[in-house]
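Data first, discussion second: the structure below is written as structure tokens.
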Amino acid sequence: MHLVVTFFALYRERAGLRQLALELPDGGTVTDLTDTIRQRFPNLAPPDVKIVVAVNAEYADPDLALHEGDEVCLIPPVSGG
Amino acid sequence: MIGITHEPLNPEQITNQVRQDGNGAVVTFLGTTRDSFEGKRVLKLDYEAYEEMALKKMAEIQQEICAEFGIADIAIVHRIGPVDIGQISLVVAVASPHRKEAFYACHKVVDRVKEIVPIWKKEVFEDGSRWVACEDHEFTHPEPAVLNTDND
């Protein structure tokens with residue numbers, strides 16, 4: 001499936017881009033996505049830190065299956081206020 | 001009232017949104033931009049948001065805290081983009097028939113905003129910058145302090 005992944009804040013700066021087009025096998029999950037992202041950007045987050053993902057503007061569980069056309073965003077630790 | 005804006009915030013106007021004749025208490029929290037981090041001078045802050053999701057999460061917090069405290073009037077407005085030192089970046093206004101619920105609910109709304117709303121702030125120094133909460137702890141998610149609402 002074809003996905004467009006959006007990076008925010010710290011992740012945007014560390015990756016050096018705001019959006020990335022990505023191919024993932026059909027049936028791929030959030031964990032498959034973050035594994036692919038980590039391979040491509042090893043310095044994005046420490047290995048022991050979970051990369052939080054939002055799918056269609058909602059926090060997603062690691063085992064959630066992704067679908068073509070999903071709005072996928074990487075969410076670094078938030079710091080509003 | 002829920003909002004995200006690039007413009008300066010007007011706390012009085014936002015507070016007026018929650019005032020009703022049935023409410024005897026109004027608590028307004030202002031989050032303001034601090035001028036230092038560990039002794040270093042901060043020149044300004046830069047806020048970034050995933051706006052669609054941030055608005056959704058702010059509305060969820062509004063509903064969640066209204067239900068928890070049995071109240072009806074909460075306003076949450078966040079400013080994003082560049083914000084100079086000493087300016088208001090967040091306004092939370094809560095009104096309730098009696099004061100206790102307004103104090104507790106306001107505190108909890110602010111904690112929840114900092115916990116789940118996808119907004120990020122960057123402190124800009126003379127010689128660099130840092131994303132708050134990202135690079136300092138390398139990503140710990142401490143639980144927010146839980147308010148004890150049983151004690152008066």
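Here, A, B, ... name the chains of the structure tokens in the order displayed, residue numbers run from 1 inside each chain, and ligands are numbered from 1 in the same displayed order.
Using only C-alpha atoms, the protein and nucleic acid residues lying no more than 10 Å from A:Glu71, apart from those fewer than 5 places from it along its own chain, are Leu3, Val4, Val5, Thr6, Ala54, Val55, Asn56, Ala57, Glu58 and Leu66 of chain A.
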With C-alpha atoms retained, export the selected residues as a short mmCIF file (atom, residue, chain, number, x, y, z; two decimals), in the first residue's frame.
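Result file again.cif:
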data_model
loop_
_atom_site.label_atom_id
_atom_site.label_comp_id
_atom_site.auth_asym_id
_atom_site.auth_seq_id
_atom_site.Cartn_x
_atom_site.Cartn_y
_atom_site.Cartn_z
CA LEU A 3 1.17 5.89 2.44
CA VAL A 4 2.18 9.48 3.08
CA VAL A 5 3.72 9.96 6.53
CA THR A 6 3.86 13.42 8.13
CA ALA A 54 -1.49 8.91 14.85
CA VAL A 55 -3.72 7.39 12.17
CA ASN A 56 -6.53 9.56 10.87
CA ALA A 57 -6.02 12.03 13.73
CA GLU A 58 -6.21 9.42 16.50
CA LEU A 66 -2.94 0.38 8.08
#
Taking the DSSP assignment computed from this structure's backbone, write out as a PyMOL selection string all residues of chain B that belong to strand (DSSP E). chain B and resi 2-5+25-32+36-37+40-49+73-79+81-84+88-96+119-125+128-131
Starting from chain B, keep only residues with some atom at most 6 Å from an atom of chain A, counting only C-alpha atoms, and report them as a list in words. Gly31, Met53, Leu90, Lys114, Pro118, Ile119, Trp120, Lys121, Ala133 and Cys134 of chain B
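Those residues that approach B:Asp127 to within 10 Å, counting only C-alpha atoms, are Lys40, Arg41 and Val42 of chain B; same-chain residues fewer than 5 positions away are not listed.
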With N, CA, C and O atoms kept, could you save the residues just selected as a PDB file, in the first residue's frame?
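Here's the written file result.pdb:
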ATOM      1  N   LYS B  40      19.755  29.533  31.041  1.00  0.00           N
ATOM      2  CA  LYS B  40      19.971  30.096  29.703  1.00  0.00           C
ATOM      3  C   LYS B  40      18.828  31.017  29.326  1.00  0.00           C
ATOM      4  O   LYS B  40      17.662  30.718  29.599  1.00  0.00           O
ATOM      5  N   ARG B  41      19.147  32.111  28.674  1.00  0.00           N
ATOM      6  CA  ARG B  41      18.130  33.077  28.296  1.00  0.00           C
ATOM      7  C   ARG B  41      17.363  32.588  27.069  1.00  0.00           C
ATOM      8  O   ARG B  41      17.967  32.241  26.057  1.00  0.00           O
ATOM      9  N   VAL B  42      16.056  32.547  27.201  1.00  0.00           N
ATOM     10  CA  VAL B  42      15.195  32.167  26.085  1.00  0.00           C
ATOM     11  C   VAL B  42      14.725  33.439  25.393  1.00  0.00           C
ATOM     12  O   VAL B  42      14.205  34.355  26.035  1.00  0.00           O
TER      13      VAL B  42
END
Please identify which residues in chain B DSSP calls alpha helix (DSSP H) from the backbone, and express them as number ranges by chain. B: 11-16, 51-69, 99-116
For those residues, write C-alpha atoms to a file as a CSV table (one decimal), in the first residue's frame.
chain,number,residue,atom,x,y,z
B,11,PRO,CA,-8.1,36.1,28.1
B,12,GLU,CA,-11.1,38.4,29.0
B,13,GLN,CA,-12.9,37.6,25.8
B,14,ILE,CA,-12.3,33.8,26.2
B,15,THR,CA,-13.3,34.0,29.9
B,16,ASN,CA,-16.6,35.7,28.9
B,51,GLU,CA,-4.1,21.2,14.2
B,52,GLU,CA,-6.8,18.8,13.1
B,53,MET,CA,-5.9,16.3,15.8
B,54,ALA,CA,-5.1,19.0,18.4
B,55,LEU,CA,-8.6,20.5,18.0
B,56,LYS,CA,-10.1,17.0,18.3
B,57,LYS,CA,-8.2,16.2,21.5
B,58,MET,CA,-9.0,19.6,23.0
B,59,ALA,CA,-12.7,18.9,22.4
B,60,GLU,CA,-12.4,15.4,23.9
B,61,ILE,CA,-10.8,17.0,27.0
B,62,GLN,CA,-13.6,19.5,27.3
B,63,GLN,CA,-16.2,16.8,27.2
B,64,GLU,CA,-14.2,14.5,29.5
B,65,ILE,CA,-13.7,17.1,32.2
B,66,CYS,CA,-17.3,18.5,31.9
B,67,ALA,CA,-18.6,14.9,32.5
B,68,GLU,CA,-16.2,14.2,35.4
B,69,PHE,CA,-17.1,17.3,37.3
B,99,ARG,CA,-15.8,27.2,43.2
B,100,LYS,CA,-14.3,23.8,44.0
B,101,GLU,CA,-15.3,22.2,40.7
B,102,ALA,CA,-13.9,25.2,38.7
B,103,PHE,CA,-10.5,25.1,40.5
B,104,TYR,CA,-10.1,21.3,40.1
B,105,ALA,CA,-11.5,21.1,36.6
B,106,CYS,CA,-9.2,23.9,35.4
B,107,HIS,CA,-6.1,22.3,36.8
B,108,LYS,CA,-7.1,19.0,35.2
B,109,VAL,CA,-7.8,20.5,31.8
B,110,VAL,CA,-4.3,22.0,31.8
B,111,ASP,CA,-2.7,18.8,32.8
B,112,ARG,CA,-4.6,16.9,30.0
B,113,VAL,CA,-3.7,19.5,27.4
B,114,LYS,CA,0.0,19.0,28.2
B,115,GLU,CA,-0.4,15.3,28.2
B,116,ILE,CA,-2.3,14.4,25.0
Contacts of A:Glu68 at 12 Å or less, counting only C-alpha atoms, minus same-chain residues fewer than 4 places along, as a list in words?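 The residues that qualify are Met1, His2, Leu3, Val4, Val5, Ala21, Leu22, Glu23, Leu24, Pro25, Asp26, Gly27, Gly28, Thr29, Val55, Asn56 and Val72 of chain A.
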Would you mind exporting N, CA and C atoms of the selected residues as an mmCIF file, in the first residue's frame?
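part13.cif was written with the following content:
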data_model
loop_
_atom_site.group_PDB
_atom_site.id
_atom_site.type_symbol
_atom_site.label_atom_id
_atom_site.label_comp_id
_atom_site.auth_asym_id
_atom_site.auth_seq_id
_atom_site.Cartn_x
_atom_site.Cartn_y
_atom_site.Cartn_z
ATOM 1 N N MET A 1 0.845 -1.203 0.000
ATOM 2 C CA MET A 1 0.000 0.000 0.000
ATOM 3 C C MET A 1 0.874 1.244 0.000
ATOM 4 N N HIS A 2 0.315 2.298 -0.505
ATOM 5 C CA HIS A 2 1.034 3.570 -0.585
ATOM 6 C C HIS A 2 0.561 4.478 0.558
ATOM 7 N N LEU A 3 1.511 5.018 1.313
ATOM 8 C CA LEU A 3 1.169 5.894 2.441
ATOM 9 C C LEU A 3 1.996 7.170 2.381
ATOM 10 N N VAL A 4 1.416 8.250 2.876
ATOM 11 C CA VAL A 4 2.182 9.479 3.076
ATOM 12 C C VAL A 4 2.260 9.727 4.584
ATOM 13 N N VAL A 5 3.496 9.803 5.090
ATOM 14 C CA VAL A 5 3.722 9.962 6.525
ATOM 15 C C VAL A 5 4.162 11.402 6.801
ATOM 16 N N ALA A 21 6.697 9.771 1.311
ATOM 17 C CA ALA A 21 5.865 8.748 0.656
ATOM 18 C C ALA A 21 6.527 7.398 0.877
ATOM 19 N N LEU A 22 5.714 6.408 1.236
ATOM 20 C CA LEU A 22 6.248 5.115 1.680
ATOM 21 C C LEU A 22 5.397 3.993 1.116
ATOM 22 N N GLU A 23 6.062 2.893 0.714
ATOM 23 C CA GLU A 23 5.344 1.678 0.328
ATOM 24 C C GLU A 23 5.434 0.683 1.483
ATOM 25 N N LEU A 24 4.292 0.127 1.860
ATOM 26 C CA LEU A 24 4.255 -0.871 2.926
ATOM 27 C C LEU A 24 3.443 -2.052 2.401
ATOM 28 N N PRO A 25 3.841 -3.300 2.731
ATOM 29 C CA PRO A 25 3.048 -4.442 2.259
ATOM 30 C C PRO A 25 1.598 -4.339 2.759
ATOM 31 N N ASP A 26 0.659 -4.794 1.933
ATOM 32 C CA ASP A 26 -0.745 -4.797 2.353
ATOM 33 C C ASP A 26 -0.884 -5.593 3.648
ATOM 34 N N GLY A 27 -1.715 -5.097 4.550
ATOM 35 C CA GLY A 27 -1.859 -5.747 5.854
ATOM 36 C C GLY A 27 -0.840 -5.263 6.875
ATOM 37 N N GLY A 28 0.052 -4.354 6.468
ATOM 38 C CA GLY A 28 1.075 -3.842 7.379
ATOM 39 C C GLY A 28 0.456 -3.084 8.548
ATOM 40 N N THR A 29 1.157 -3.112 9.671
ATOM 41 C CA THR A 29 0.655 -2.477 10.893
ATOM 42 C C THR A 29 1.471 -1.230 11.223
ATOM 43 N N VAL A 55 -3.098 7.784 13.440
ATOM 44 C CA VAL A 55 -3.716 7.385 12.170
ATOM 45 C C VAL A 55 -5.089 8.045 12.092
ATOM 46 N N ASN A 56 -5.275 8.824 11.043
ATOM 47 C CA ASN A 56 -6.535 9.563 10.871
ATOM 48 C C ASN A 56 -6.882 10.380 12.114
ATOM 49 N N VAL A 72 -1.325 9.336 8.156
ATOM 50 C CA VAL A 72 -0.397 8.819 9.159
ATOM 51 C C VAL A 72 0.570 9.919 9.583
#
Non-local contacts of B:Arg79 (10 Å; only C-alpha atoms; under 4 positions in same chain excluded) as a ChimeraX atom specification: /A:80-81 /B:3-9,46-49,83,87-91,119
Would you put the residues from that selection into a file with N, CA and C atoms, as a short mmCIF file (atom, residue, chain, number, x, y, z; two decimals), in the first residue's frame?
data_model
loop_
_atom_site.label_atom_id
_atom_site.label_comp_id
_atom_site.auth_asym_id
_atom_site.auth_seq_id
_atom_site.Cartn_x
_atom_site.Cartn_y
_atom_site.Cartn_z
N GLY A 80 2.70 21.14 24.73
CA GLY A 80 1.88 22.34 24.65
C GLY A 80 1.79 23.04 26.00
N GLY A 81 1.10 24.16 26.02
CA GLY A 81 0.91 24.93 27.24
C GLY A 81 1.74 26.17 27.25
N GLY B 3 -10.13 26.35 20.50
CA GLY B 3 -9.51 27.06 19.39
C GLY B 3 -8.00 26.96 19.37
N ILE B 4 -7.46 27.13 18.16
CA ILE B 4 -6.03 27.28 17.94
C ILE B 4 -5.86 28.49 17.04
N THR B 5 -4.94 29.40 17.41
CA THR B 5 -4.81 30.64 16.64
C THR B 5 -3.34 31.07 16.57
N HIS B 6 -3.01 31.79 15.52
CA HIS B 6 -1.69 32.42 15.43
C HIS B 6 -1.68 33.81 16.06
N GLU B 7 -2.86 34.30 16.44
CA GLU B 7 -2.97 35.67 16.94
C GLU B 7 -2.81 35.71 18.47
N PRO B 8 -2.44 36.88 19.01
CA PRO B 8 -2.38 37.01 20.48
C PRO B 8 -3.73 36.66 21.11
N LEU B 9 -3.67 36.04 22.30
CA LEU B 9 -4.89 35.59 22.97
C LEU B 9 -5.46 36.71 23.84
N ASP B 46 8.59 28.93 19.82
CA ASP B 46 7.92 28.62 18.56
C ASP B 46 7.03 27.42 18.78
N TYR B 47 5.73 27.59 18.56
CA TYR B 47 4.79 26.48 18.76
C TYR B 47 4.37 25.92 17.42
N GLU B 48 4.24 24.59 17.40
CA GLU B 48 3.79 23.89 16.19
C GLU B 48 2.66 22.95 16.61
N ALA B 49 1.68 22.75 15.76
CA ALA B 49 0.55 21.88 16.10
C ALA B 49 0.19 20.98 14.92
N VAL B 83 5.97 33.02 19.57
CA VAL B 83 5.37 33.74 20.71
C VAL B 83 6.51 34.36 21.52
N GLN B 87 4.39 36.40 26.88
CA GLN B 87 3.08 36.42 26.22
C GLN B 87 2.27 35.19 26.63
N ILE B 88 0.98 35.23 26.36
CA ILE B 88 0.08 34.14 26.72
C ILE B 88 0.03 33.13 25.57
N SER B 89 0.33 31.86 25.91
CA SER B 89 0.28 30.81 24.89
C SER B 89 -0.93 29.90 25.05
N LEU B 90 -1.51 29.86 26.25
CA LEU B 90 -2.66 28.98 26.50
C LEU B 90 -3.63 29.68 27.45
N VAL B 91 -4.90 29.63 27.11
CA VAL B 91 -5.95 30.09 28.03
C VAL B 91 -6.93 28.95 28.25
N ILE B 119 0.68 19.36 20.34
CA ILE B 119 1.28 20.69 20.15
C ILE B 119 2.67 20.62 20.76
#
What's the 7 Å shell around B:Val26, counting only C-alpha atoms, without same-chain residues fewer than 5 positions away, as number ranges by chain? B: 94-96, 102
Dump as an mmCIF file, in the first residue's frame, selection limited to N, CA, C and O atoms:
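Okay, this is what ended up in out_4.cif:
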data_model
loop_
_atom_site.group_PDB
_atom_site.id
_atom_site.type_symbol
_atom_site.label_atom_id
_atom_site.label_comp_id
_atom_site.auth_asym_id
_atom_site.auth_seq_id
_atom_site.Cartn_x
_atom_site.Cartn_y
_atom_site.Cartn_z
ATOM 1 N N VAL B 94 -12.744 28.032 33.037
ATOM 2 C CA VAL B 94 -13.730 27.073 33.516
ATOM 3 C C VAL B 94 -14.701 27.795 34.450
ATOM 4 O O VAL B 94 -14.268 28.521 35.346
ATOM 5 N N ALA B 95 -15.970 27.589 34.241
ATOM 6 C CA ALA B 95 -16.968 28.160 35.137
ATOM 7 C C ALA B 95 -17.865 27.057 35.663
ATOM 8 O O ALA B 95 -18.140 26.077 34.970
ATOM 9 N N SER B 96 -18.276 27.206 36.929
ATOM 10 C CA SER B 96 -19.155 26.207 37.544
ATOM 11 C C SER B 96 -20.017 26.903 38.595
ATOM 12 O O SER B 96 -19.702 28.011 39.025
ATOM 13 N N ALA B 102 -14.638 24.365 39.723
ATOM 14 C CA ALA B 102 -13.939 25.204 38.747
ATOM 15 C C ALA B 102 -12.423 25.122 38.930
ATOM 16 O O ALA B 102 -11.673 24.987 37.960
#
Grab the atom CA of B:Trp131 to atom CA of B:Ile76 distance for me, in Å with one decimal place.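 Separation between atom CA of B:Trp131 and atom CA of B:Ile76: 22.6 Å.
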